[in-house]
file start-v2.cif (mmCIF, C-alpha atoms)
data_target
loop_
_atom_site.label_atom_id
_atom_site.label_comp_id
_atom_site.auth_asym_id
_atom_site.auth_seq_id
_atom_site.Cartn_x
_atom_site.Cartn_y
_atom_site.Cartn_z
CA MET B 1 0.00 0.00 0.00
CA SER B 2 2.79 2.43 0.80
CA THR B 3 3.98 2.77 -2.78
CA THR B 4 0.68 2.62 -4.60
CA HIS B 5 -0.92 5.03 -2.19
CA GLU B 6 1.90 7.56 -2.15
CA VAL B 7 -0.28 9.49 -4.57
CA ILE B 8 -2.65 10.15 -1.66
CA SER B 9 0.14 11.82 0.25
CA ALA B 10 0.92 13.87 -2.85
CA LEU B 11 -2.73 14.97 -2.99
CA LEU B 12 -2.72 15.92 0.68
CA ASP B 13 0.48 17.90 0.26
CA ASP B 14 -0.67 19.77 -2.82
CA GLN B 15 2.05 18.13 -4.86
CA PRO B 16 1.74 17.18 -8.53
CA PHE B 17 0.24 13.72 -9.01
CA ASP B 18 -0.89 11.38 -11.75
CA ARG B 19 -4.67 11.59 -12.14
CA GLN B 20 -5.03 7.98 -13.17
CA GLN B 21 -2.97 6.80 -10.21
CA LEU B 22 -5.16 8.82 -7.89
CA ALA B 23 -8.32 7.46 -9.48
CA ASP B 24 -7.01 3.91 -9.04
CA ALA B 25 -6.07 4.59 -5.43
CA LEU B 26 -9.49 6.01 -4.64
CA ASN B 27 -11.27 3.13 -6.36
CA ASP B 28 -9.68 0.91 -3.78
CA PRO B 29 -11.58 0.98 -0.43
CA ALA B 30 -8.25 0.77 1.38
CA GLY B 31 -7.11 3.88 -0.49
CA ARG B 32 -10.24 5.78 0.51
CA ALA B 33 -9.83 4.70 4.12
CA LEU B 34 -6.22 5.86 4.00
CA LEU B 35 -7.23 9.28 2.67
CA ILE B 36 -9.78 9.71 5.47
CA ASP B 37 -7.34 8.54 8.13
CA LEU B 38 -4.52 10.77 6.91
CA ALA B 39 -6.82 13.78 6.77
CA THR B 40 -7.92 12.95 10.33
CA LEU B 41 -4.31 12.50 11.40
CA ARG B 42 -3.51 15.96 10.04
CA ARG B 43 -6.23 17.48 12.19
CA MET B 44 -5.18 15.46 15.23
CA VAL B 45 -1.57 16.59 15.19
CA GLN B 46 -2.42 20.28 15.21
CA PRO B 47 -1.34 21.66 18.61
CA ILE B 48 -4.16 22.64 20.93
CA GLU B 49 -2.08 25.52 22.29
CA ALA B 50 -2.83 28.93 20.83
CA VAL B 51 0.09 30.77 19.28
CA PRO B 52 1.17 33.37 21.85
CA ASP B 53 2.01 36.94 20.99
CA ILE B 54 5.77 36.69 21.11
CA ARG B 55 7.56 40.02 21.06
CA VAL B 56 11.28 40.00 21.50
CA ALA B 57 13.44 43.10 21.72
CA ASP B 58 16.15 43.00 19.14
CA PRO B 59 19.36 42.88 21.17
CA VAL B 60 21.56 44.09 18.33
CA ARG B 61 19.65 46.82 16.55
CA ARG B 62 18.31 49.36 19.01
CA GLY B 63 15.56 51.87 18.37
CA PRO B 64 16.42 55.41 17.13
CA TRP B 65 15.43 57.03 20.40
CA ARG B 66 18.20 55.13 22.14
CA VAL B 67 20.76 56.41 19.67
CA LEU B 68 19.48 59.97 20.14
CA ALA B 69 19.60 59.65 23.92
CA ALA B 70 23.16 58.33 23.76
CA ALA B 71 24.19 61.19 21.47
CA ALA B 72 22.57 63.75 23.82
CA MET B 73 24.37 62.26 26.83
CA LEU B 74 27.67 62.39 24.99
CA PHE B 75 27.04 65.99 23.97
CA LEU B 76 26.21 67.00 27.55
CA ALA B 77 29.29 65.24 28.91
CA LEU B 78 31.59 66.88 26.39
CA GLY B 79 29.96 70.32 26.83
CA GLY B 80 30.06 70.06 30.61
CA GLY B 81 33.69 69.00 30.55
CA TYR B 82 34.56 71.92 28.28
CA LEU B 83 32.82 74.46 30.56
CA VAL B 84 34.47 73.11 33.70
CA GLY B 85 37.87 73.20 32.03
CA GLU B 86 37.24 76.75 30.80
CA ARG B 87 36.31 77.94 34.30
CA ARG B 88 39.41 76.40 35.83
CA ALA B 89 41.61 77.96 33.20
CA VAL B 90 40.14 81.42 33.90
CA SER B 91 40.57 81.07 37.66
CA SER B 92 44.20 79.94 37.34
CA THR B 93 45.24 82.95 35.23
CA ALA B 94 43.44 85.60 37.33
CA GLU B 95 45.26 87.65 40.02
CA ALA B 96 45.33 86.40 43.57
CA PRO B 97 42.73 88.01 45.85
CA ALA B 98 43.84 90.78 48.18
CA PRO B 99 44.84 89.59 51.69
CA THR B 100 42.44 90.29 54.52
CA ARG B 101 44.96 89.54 57.33
CA VAL B 102 48.75 89.73 57.20
CA VAL B 103 50.85 87.65 59.56
CA GLU B 104 54.46 88.68 59.74
CA ALA B 105 56.99 85.89 60.07
CA VAL B 106 59.86 86.57 62.56
CA PRO B 107 62.81 84.33 63.42
CA PHE B 108 62.22 82.12 66.46
CA VAL B 109 64.25 83.06 69.56
CA PRO B 110 64.00 80.70 72.55
CA SER B 111 63.23 82.64 75.74
CA GLY B 112 65.36 80.60 78.21
CA GLY B 113 68.60 80.59 76.24
CA MET B 114 71.02 77.63 76.04
CA MET J 1 19.85 41.19 3.60
CA ALA J 2 16.47 40.27 5.15
CA ASP J 3 15.14 41.99 8.21
CA PRO J 4 15.28 39.63 11.23
CA GLU J 5 12.14 41.08 12.78
CA GLY J 6 10.18 40.73 9.55
CA LEU J 7 11.43 37.19 9.09
CA PHE J 8 10.50 36.33 12.64
CA SER J 9 7.05 37.90 12.61
CA ALA J 10 6.24 36.08 9.37
CA ASN J 11 7.26 32.72 10.85
CA HIS J 12 6.88 32.78 14.62
CA GLY J 13 3.49 31.05 14.49
CA ARG J 14 4.89 28.21 12.39
CA LEU J 15 7.93 27.95 14.66
CA PHE J 16 5.80 27.85 17.81
CA ARG J 17 3.55 25.15 16.39
CA TYR J 18 6.56 23.14 15.24
CA PHE J 19 8.11 23.30 18.72
CA CYS J 20 4.79 22.41 20.37
CA ARG J 21 4.87 19.04 18.65
CA ALA J 22 8.61 18.56 18.21
CA VAL J 23 9.45 19.08 21.90
CA GLY J 24 6.00 19.25 23.57
CA GLY J 25 4.76 21.93 25.97
CA ALA J 26 3.67 25.47 25.20
CA GLU J 27 6.14 27.10 27.60
CA THR J 28 9.13 25.30 26.13
CA ALA J 29 7.84 26.00 22.64
CA ARG J 30 7.58 29.68 23.44
CA ASP J 31 11.10 29.81 24.90
CA LEU J 32 12.60 27.99 21.95
CA THR J 33 10.74 30.21 19.50
CA GLN J 34 12.28 33.24 21.20
CA GLU J 35 15.68 31.56 21.12
CA VAL J 36 15.39 31.16 17.35
CA PHE J 37 14.86 34.89 17.08
CA LEU J 38 17.84 35.66 19.29
CA ARG J 39 20.05 33.42 17.17
CA VAL J 40 18.78 34.96 13.97
CA SER J 41 19.44 38.47 15.26
CA ARG J 42 23.04 37.53 16.07
CA THR J 43 23.70 36.01 12.65
CA ALA J 44 24.00 37.36 9.15
CA ILE J 45 20.80 36.32 7.37
CA PRO J 46 21.64 34.74 4.01
CA VAL J 47 20.39 36.41 0.86
CA ALA J 48 17.81 33.96 -0.45
CA ALA J 49 14.23 33.54 -1.58
CA ASP J 50 11.49 33.33 1.06
CA GLY J 51 11.24 29.53 0.89
CA ASP J 52 14.99 29.06 1.30
CA LEU J 53 15.01 31.49 4.21
CA ARG J 54 12.25 29.52 5.89
CA GLY J 55 14.29 26.37 5.42
CA TRP J 56 17.28 28.11 6.96
CA LEU J 57 15.14 29.33 9.87
CA PHE J 58 13.81 25.86 10.52
CA ARG J 59 17.30 24.40 10.39
CA ILE J 60 18.09 26.64 13.36
CA ALA J 61 14.83 25.55 15.00
CA ARG J 62 15.60 21.89 14.39
CA ASN J 63 19.05 22.21 15.96
CA LEU J 64 17.47 23.84 19.01
CA ALA J 65 14.91 21.04 19.26
CA LEU J 66 17.67 18.42 19.03
CA ASP J 67 19.68 20.24 21.72
CA HIS J 68 16.56 20.32 23.87
CA HIS J 69 16.04 16.56 23.47
CA ARG J 70 19.69 15.90 24.35
CA GLY J 71 19.34 18.07 27.46
CA ARG J 72 16.14 16.30 28.47
CA ARG J 73 17.79 12.91 28.14
CA ARG J 74 20.50 14.11 30.53
CA HIS J 75 18.00 15.69 32.95
CA PRO J 76 14.65 13.94 32.53
CA GLU J 77 11.65 15.71 33.98
CA PRO J 78 8.33 14.07 34.85
CA SER J 79 5.39 14.90 32.61
CA ALA J 80 2.81 16.97 34.47
CA LEU J 81 -0.14 15.53 32.58
CA VAL J 82 0.55 11.82 32.62
CA ASP J 83 -1.35 10.89 35.76
CA GLU J 84 -4.19 13.34 35.50
CA PRO J 85 -7.32 11.19 35.77
CA THR J 86 -9.97 13.54 34.35
CA ARG J 87 -8.61 14.78 31.07
CA PRO J 88 -10.97 15.77 28.29
CA PRO J 89 -10.85 13.41 25.27
CA SER J 90 -9.18 16.06 23.09
CA GLN J 91 -6.28 16.19 25.57
CA ASP J 92 -6.06 12.41 25.56
CA VAL J 93 -5.72 12.53 21.80
CA SER J 94 -3.06 15.23 22.05
CA LEU J 95 -1.07 13.18 24.57
CA ALA J 96 -1.33 10.10 22.39
CA VAL J 97 -0.07 12.12 19.44
CA ASN J 98 2.88 13.39 21.50
CA GLU J 99 3.70 9.84 22.60
CA ALA J 100 3.58 8.57 19.04
CA LEU J 101 5.74 11.44 17.80
CA ARG J 102 8.28 10.77 20.54
CA SER J 103 8.57 7.18 19.39
CA LEU J 104 9.63 8.22 15.88
CA GLN J 105 13.16 8.66 14.64
CA PRO J 106 14.10 12.33 15.19
CA LEU J 107 14.51 13.00 11.48
CA ASP J 108 11.17 11.37 10.62
CA ARG J 109 9.46 13.34 13.36
CA ASP J 110 10.93 16.63 12.21
CA VAL J 111 10.06 16.05 8.57
CA PHE J 112 6.51 15.07 9.48
CA VAL J 113 5.93 17.91 11.96
CA MET J 114 7.40 20.51 9.62
CA ARG J 115 4.97 19.38 6.94
CA GLU J 116 1.81 18.68 8.91
CA VAL J 117 2.05 21.18 11.73
CA ALA J 118 4.26 24.00 10.45
CA GLY J 119 2.96 23.71 6.89
CA LEU J 120 6.35 23.80 5.17
CA GLY J 121 6.74 22.67 1.57
CA TYR J 122 8.96 19.78 0.53
CA ASP J 123 11.73 22.11 -0.66
CA GLU J 124 11.73 24.02 2.61
CA ILE J 125 11.83 20.82 4.63
CA ALA J 126 14.62 19.53 2.42
CA ALA J 127 16.63 22.69 3.15
CA ALA J 128 15.92 22.50 6.88
CA CYS J 129 16.78 18.82 7.23
CA GLU J 130 19.50 18.61 4.58
CA LEU J 131 17.61 16.06 2.48
CA THR J 132 16.46 15.94 -1.11
CA PRO J 133 12.80 16.76 -1.84
CA ASP J 134 12.31 13.16 -3.01
CA ALA J 135 13.63 11.86 0.28
CA VAL J 136 11.28 14.22 2.09
CA ARG J 137 8.29 12.95 0.11
CA SER J 138 8.92 9.28 0.78
CA ARG J 139 9.84 9.92 4.41
CA ILE J 140 6.62 11.84 5.03
CA HIS J 141 4.49 9.13 3.49
CA ARG J 142 6.26 6.39 5.42
CA THR J 143 5.87 8.32 8.67
CA ARG J 144 2.19 8.91 8.00
CA LEU J 145 1.64 5.17 7.56
CA GLN J 146 3.57 4.45 10.74
CA LEU J 147 1.57 6.99 12.74
CA ARG J 148 -1.68 5.74 11.26
CA ASP J 149 -0.88 2.29 12.62
CA GLN J 150 0.27 3.58 16.01
CA LEU J 151 -2.65 5.95 16.41
CA ALA J 152 -5.43 3.73 15.02
CA ALA J 153 -7.50 3.96 18.19
CA PRO J 154 -7.10 7.73 18.72
CA ILE J 155 -7.87 8.29 15.04
CA ALA J 156 -11.12 6.36 15.44
CA THR J 157 -11.91 8.33 18.63
CA PHE J 158 -11.16 11.61 16.91
CA GLN J 159 -13.37 10.72 13.97
CA THR J 160 -16.18 9.81 16.36
CA LEU J 161 -15.75 13.06 18.31
CA ALA J 162 -15.72 15.11 15.14
CA THR J 163 -18.82 13.35 13.82
CA SER J 164 -20.75 13.66 17.08
CA SER J 165 -19.88 17.33 17.63
CA THR J 166 -20.85 18.52 14.16
CA GLY J 167 -23.06 15.79 12.82
CA GLN J 168 -20.54 15.20 10.06
CA THR J 169 -16.86 14.47 9.67
CA HIS J 170 -14.66 17.54 9.33
CA GLY J 171 -13.85 17.28 5.71
CA SER J 172 -11.18 19.80 4.73
CA ILE J 173 -7.92 18.27 3.72
CA ASP J 174 -6.34 21.60 2.96
CA GLN J 175 -4.29 23.38 5.55
#
call {"tool": "encode", "arguments": {"input": "start-v2.cif", "output": "structure tokens"}}
result
Amino acid sequence: MSTTHEVISALLDDQPFDRQQLADALNDPAGRALLIDLATLRRMVQPIEAVPDIRVADPVRRGPWRVLAAAAMLFLALGGGYLVGERRAVSSTAEAPAPTRVVEAVPFVPSGGM
Amino acid sequence: MADPEGLFSANHGRLFRYFCRAVGGAETARDLTQEVFLRVSRTAIPVAADGDLRGWLFRIARNLALDHHRGRRRHPEPSALVDEPTRPPSQDVSLAVNEALRSLQPLDRDVFVMREVAGLGYDEIAAACELTPDAVRSRIHRTRLQLRDQLAAPIATFQTLATSSTGQTHGSIDQ
């Protein structure tokens, strides 16, 4: 049966088949029973589980908003670094502030002598 | 180069259904379906026609299913549904189908499930399983006959259920 009825599998799978071979197979009660059983088998093997909505974030290609956010962060970091550096440069070249209290240094002389 | 997200969204239903029967269990099927996507997104997708791409995608899926089976042989886990006394008949049929599929040679099972459950064509299955289309055709037919013998009783039950629930046998042979 397996060879002569291969045409039934071809029919089920939408494959090209010989019309006469199919007619012969279906004239045979065993061939008809096979067709019914294989059609039933196809329905039986369908999973009862519903296909879930599977959404997976692409780990390699990120969305454009992430690229923009990264660029903005980089810009802020570079700009902030530039401003801090600029301020330090200005403060290092400016004149020292005027003293508010002057302490005069005198040589130390022990009071008791040697 | 094809877009991985487009490729995945066009095929995730087929992949999930394939895994449901190839490894059993919706949770595992879902995880493995996601894993296919992760692998695809890490790899350069070959430039090919849609059918060839599907074959390539299912080759990845098949390797994952084989890895899963190897892992399960090393760490067997008890089936949660085996001893449940009050299962509906449709679940009995589904368990019988899973048992029968497990008893097949891995290559026969994959070829059969890719055709009957995932709806792949012979060329796509040939690409996924590294066979010729002729080998796929004869393997599918042989596996159908084997399953028909193994599942004779569940097939009869299913036909009775289908007849009693609708008054007639579900007749469509198209997918």
call {"tool": "closest_residue", "arguments": {"input": "start-v2.cif", "among": "J:Tyr122, J:Trp56, J:Tyr18, J:Phe8", "to": "Asp53 (chain B)", "atoms": "only C-alpha atoms"}}
result
J:Phe8
call {"tool": "residues_around", "arguments": {"input": "start-v2.cif", "residues": "region 36-41 of chain B", "least_positions_apart": "5", "cutoff": "12 Å", "atoms": "all atoms listed in the file", "output": "PyMOL selection string"}}
result
(chain B and resi 5-6+8-13+26+29-31+46) or (chain J and resi 93-94+96-97+100-101+112-113+116-117+140-163+169-175)
call {"tool": "closest_residue", "arguments": {"input": "start-v2.cif", "among": "J:Arg59, J:Arg70, J:Arg137, J:Arg109", "to": "chain B", "atoms": "all atoms listed in the file"}}
result
J:Arg137
call {"tool": "closest_residue", "arguments": {"input": "start-v2.cif", "among": "J:Arg62, J:Arg74, J:Arg139, J:His69", "to": "chain B", "atoms": "all atoms listed in the file"}}
result
J:Arg139
call {"tool": "atom_distance", "arguments": {"input": "start-v2.cif", "atom1": "CA of Leu95 (chain J)", "atom2": "CA of Leu57 (chain J)"}}
result
27.2 Å
call {"tool": "atom_distance", "arguments": {"input": "start-v2.cif", "atom1": "CA of Thr43 (chain J)", "atom2": "CA of Asn11 (chain J)"}}
result
16.9 Å
call {"tool": "resolve_selection", "arguments": {"input": "start-v2.cif", "expression": "the PyMOL selection byres ((chain J and resi 26-36) around 9)", "output": "MDAnalysis selection string"}}
result
(chainID B and resid 49:52 54:56) or (chainID J and resid 8 12:13 15:25 37:41 57:58 60:61 64:65 68)
call {"tool": "axis_aligned_box", "arguments": {"input": "start-v2.cif", "around": "region 16-29 of chain J", "padding_each_side": "6 Å", "output": "AutoDock Vina command-line options"}}
result
--center_x 6.5 --center_y 23.2 --center_z 21.4 --size_x 17.9 --size_y 21.3 --size_z 24.4
call {"tool": "closest_residue", "arguments": {"input": "start-v2.cif", "among": "J:Arg54, J:Arg14, J:Arg102, J:Arg72", "to": "chain B", "atoms": "all atoms listed in the file"}}
result
J:Arg14
call {"tool": "atom_distance", "arguments": {"input": "start-v2.cif", "atom1": "CA of Arg115 (chain J)", "atom2": "CA of Val45 (chain B)"}}
result
10.9 Å
call {"tool": "closest_residue", "arguments": {"input": "start-v2.cif", "among": "J:Asp52, J:Arg42, J:Ile125, J:Asp110", "to": "chain B", "atoms": "all atoms listed in the file"}}
result
J:Arg42
call {"tool": "closest_residue", "arguments": {"input": "start-v2.cif", "among": "B:Gly80, B:Pro16, B:Pro97, B:Pro110", "to": "chain J", "atoms": "only C-alpha atoms"}}
result
B:Pro16
call {"tool": "build_atoms", "arguments": {"input": "start-v2.cif", "residues": "region 40-74 of chain J", "atoms": "N, CA and C atoms", "output": "PDB file, in the coordinates of the input"}}
result
ATOM      1  N   VAL J  40      18.864  34.306  15.285  1.00  0.00           N
ATOM      2  CA  VAL J  40      18.780  34.960  13.970  1.00  0.00           C
ATOM      3  C   VAL J  40      19.313  36.383  14.055  1.00  0.00           C
ATOM      4  N   SER J  41      19.010  37.077  15.152  1.00  0.00           N
ATOM      5  CA  SER J  41      19.440  38.470  15.260  1.00  0.00           C
ATOM      6  C   SER J  41      20.940  38.597  15.484  1.00  0.00           C
ATOM      7  N   ARG J  42      21.583  37.491  15.859  1.00  0.00           N
ATOM      8  CA  ARG J  42      23.040  37.530  16.070  1.00  0.00           C
ATOM      9  C   ARG J  42      23.798  37.067  14.824  1.00  0.00           C
ATOM     10  N   THR J  43      23.064  36.603  13.817  1.00  0.00           N
ATOM     11  CA  THR J  43      23.700  36.010  12.650  1.00  0.00           C
ATOM     12  C   THR J  43      23.412  36.836  11.402  1.00  0.00           C
ATOM     13  N   ALA J  44      24.279  36.735  10.437  1.00  0.00           N
ATOM     14  CA  ALA J  44      24.000  37.360   9.150  1.00  0.00           C
ATOM     15  C   ALA J  44      22.978  36.489   8.420  1.00  0.00           C
ATOM     16  N   ILE J  45      21.858  37.088   8.051  1.00  0.00           N
ATOM     17  CA  ILE J  45      20.800  36.320   7.370  1.00  0.00           C
ATOM     18  C   ILE J  45      21.210  36.154   5.903  1.00  0.00           C
ATOM     19  N   PRO J  46      21.205  34.937   5.393  1.00  0.00           N
ATOM     20  CA  PRO J  46      21.640  34.740   4.010  1.00  0.00           C
ATOM     21  C   PRO J  46      20.676  35.410   3.023  1.00  0.00           C
ATOM     22  N   VAL J  47      21.235  35.841   1.917  1.00  0.00           N
ATOM     23  CA  VAL J  47      20.390  36.410   0.860  1.00  0.00           C
ATOM     24  C   VAL J  47      19.784  35.238   0.097  1.00  0.00           C
ATOM     25  N   ALA J  48      18.467  35.112   0.174  1.00  0.00           N
ATOM     26  CA  ALA J  48      17.810  33.960  -0.450  1.00  0.00           C
ATOM     27  C   ALA J  48      16.334  34.253  -0.623  1.00  0.00           C
ATOM     28  N   ALA J  49      15.681  33.404  -1.402  1.00  0.00           N
ATOM     29  CA  ALA J  49      14.230  33.540  -1.580  1.00  0.00           C
ATOM     30  C   ALA J  49      13.533  33.179  -0.276  1.00  0.00           C
ATOM     31  N   ASP J  50      12.243  33.548  -0.183  1.00  0.00           N
ATOM     32  CA  ASP J  50      11.490  33.330   1.060  1.00  0.00           C
ATOM     33  C   ASP J  50      11.517  31.863   1.510  1.00  0.00           C
ATOM     34  N   GLY J  51      11.302  30.952   0.550  1.00  0.00           N
ATOM     35  CA  GLY J  51      11.240  29.530   0.890  1.00  0.00           C
ATOM     36  C   GLY J  51      12.570  29.036   1.441  1.00  0.00           C
ATOM     37  N   ASP J  52      13.667  29.482   0.829  1.00  0.00           N
ATOM     38  CA  ASP J  52      14.990  29.060   1.300  1.00  0.00           C
ATOM     39  C   ASP J  52      15.264  29.639   2.685  1.00  0.00           C
ATOM     40  N   LEU J  53      14.809  30.878   2.890  1.00  0.00           N
ATOM     41  CA  LEU J  53      15.010  31.490   4.210  1.00  0.00           C
ATOM     42  C   LEU J  53      14.240  30.729   5.284  1.00  0.00           C
ATOM     43  N   ARG J  54      13.045  30.288   4.918  1.00  0.00           N
ATOM     44  CA  ARG J  54      12.250  29.520   5.890  1.00  0.00           C
ATOM     45  C   ARG J  54      12.961  28.203   6.216  1.00  0.00           C
ATOM     46  N   GLY J  55      13.528  27.595   5.189  1.00  0.00           N
ATOM     47  CA  GLY J  55      14.290  26.370   5.420  1.00  0.00           C
ATOM     48  C   GLY J  55      15.465  26.622   6.348  1.00  0.00           C
ATOM     49  N   TRP J  56      16.140  27.740   6.120  1.00  0.00           N
ATOM     50  CA  TRP J  56      17.280  28.110   6.960  1.00  0.00           C
ATOM     51  C   TRP J  56      16.829  28.353   8.409  1.00  0.00           C
ATOM     52  N   LEU J  57      15.692  29.040   8.540  1.00  0.00           N
ATOM     53  CA  LEU J  57      15.140  29.330   9.870  1.00  0.00           C
ATOM     54  C   LEU J  57      14.797  28.034  10.603  1.00  0.00           C
ATOM     55  N   PHE J  58      14.204  27.114   9.883  1.00  0.00           N
ATOM     56  CA  PHE J  58      13.810  25.860  10.520  1.00  0.00           C
ATOM     57  C   PHE J  58      15.000  24.936  10.762  1.00  0.00           C
ATOM     58  N   ARG J  59      16.093  25.183  10.053  1.00  0.00           N
ATOM     59  CA  ARG J  59      17.300  24.400  10.390  1.00  0.00           C
ATOM     60  C   ARG J  59      17.792  24.835  11.775  1.00  0.00           C
ATOM     61  N   ILE J  60      17.731  26.136  12.025  1.00  0.00           N
ATOM     62  CA  ILE J  60      18.090  26.640  13.360  1.00  0.00           C
ATOM     63  C   ILE J  60      17.131  26.052  14.404  1.00  0.00           C
ATOM     64  N   ALA J  61      15.842  26.072  14.064  1.00  0.00           N
ATOM     65  CA  ALA J  61      14.830  25.550  15.000  1.00  0.00           C
ATOM     66  C   ALA J  61      15.071  24.066  15.274  1.00  0.00           C
ATOM     67  N   ARG J  62      15.393  23.338  14.229  1.00  0.00           N
ATOM     68  CA  ARG J  62      15.600  21.890  14.390  1.00  0.00           C
ATOM     69  C   ARG J  62      16.801  21.617  15.293  1.00  0.00           C
ATOM     70  N   ASN J  63      17.870  22.401  15.101  1.00  0.00           N
ATOM     71  CA  ASN J  63      19.050  22.210  15.960  1.00  0.00           C
ATOM     72  C   ASN J  63      18.700  22.504  17.421  1.00  0.00           C
ATOM     73  N   LEU J  64      17.884  23.524  17.634  1.00  0.00           N
ATOM     74  CA  LEU J  64      17.470  23.840  19.010  1.00  0.00           C
ATOM     75  C   LEU J  64      16.632  22.698  19.592  1.00  0.00           C
ATOM     76  N   ALA J  65      15.742  22.148  18.776  1.00  0.00           N
ATOM     77  CA  ALA J  65      14.910  21.040  19.260  1.00  0.00           C
ATOM     78  C   ALA J  65      15.781  19.828  19.593  1.00  0.00           C
ATOM     79  N   LEU J  66      16.774  19.563  18.751  1.00  0.00           N
ATOM     80  CA  LEU J  66      17.670  18.420  19.030  1.00  0.00           C
ATOM     81  C   LEU J  66      18.458  18.660  20.309  1.00  0.00           C
ATOM     82  N   ASP J  67      18.958  19.899  20.475  1.00  0.00           N
ATOM     83  CA  ASP J  67      19.680  20.240  21.720  1.00  0.00           C
ATOM     84  C   ASP J  67      18.768  20.036  22.929  1.00  0.00           C
ATOM     85  N   HIS J  68      17.518  20.454  22.762  1.00  0.00           N
ATOM     86  CA  HIS J  68      16.560  20.320  23.870  1.00  0.00           C
ATOM     87  C   HIS J  68      16.365  18.845  24.228  1.00  0.00           C
ATOM     88  N   HIS J  69      16.233  17.997  23.213  1.00  0.00           N
ATOM     89  CA  HIS J  69      16.040  16.560  23.470  1.00  0.00           C
ATOM     90  C   HIS J  69      17.271  15.966  24.158  1.00  0.00           C
ATOM     91  N   ARG J  70      18.458  16.411  23.705  1.00  0.00           N
ATOM     92  CA  ARG J  70      19.690  15.900  24.350  1.00  0.00           C
ATOM     93  C   ARG J  70      19.711  16.317  25.822  1.00  0.00           C
ATOM     94  N   GLY J  71      19.365  17.568  26.080  1.00  0.00           N
ATOM     95  CA  GLY J  71      19.340  18.070  27.460  1.00  0.00           C
ATOM     96  C   GLY J  71      18.329  17.317  28.306  1.00  0.00           C
ATOM     97  N   ARG J  72      17.184  16.987  27.700  1.00  0.00           N
ATOM     98  CA  ARG J  72      16.140  16.300  28.470  1.00  0.00           C
ATOM     99  C   ARG J  72      16.537  14.854  28.776  1.00  0.00           C
ATOM    100  N   ARG J  73      17.318  14.277  27.850  1.00  0.00           N
ATOM    101  CA  ARG J  73      17.790  12.910  28.140  1.00  0.00           C
ATOM    102  C   ARG J  73      18.751  12.914  29.317  1.00  0.00           C
ATOM    103  N   ARG J  74      19.552  14.026  29.398  1.00  0.00           N
ATOM    104  CA  ARG J  74      20.500  14.110  30.530  1.00  0.00           C
ATOM    105  C   ARG J  74      19.768  14.428  31.827  1.00  0.00           C
TER     106      ARG J  74
END
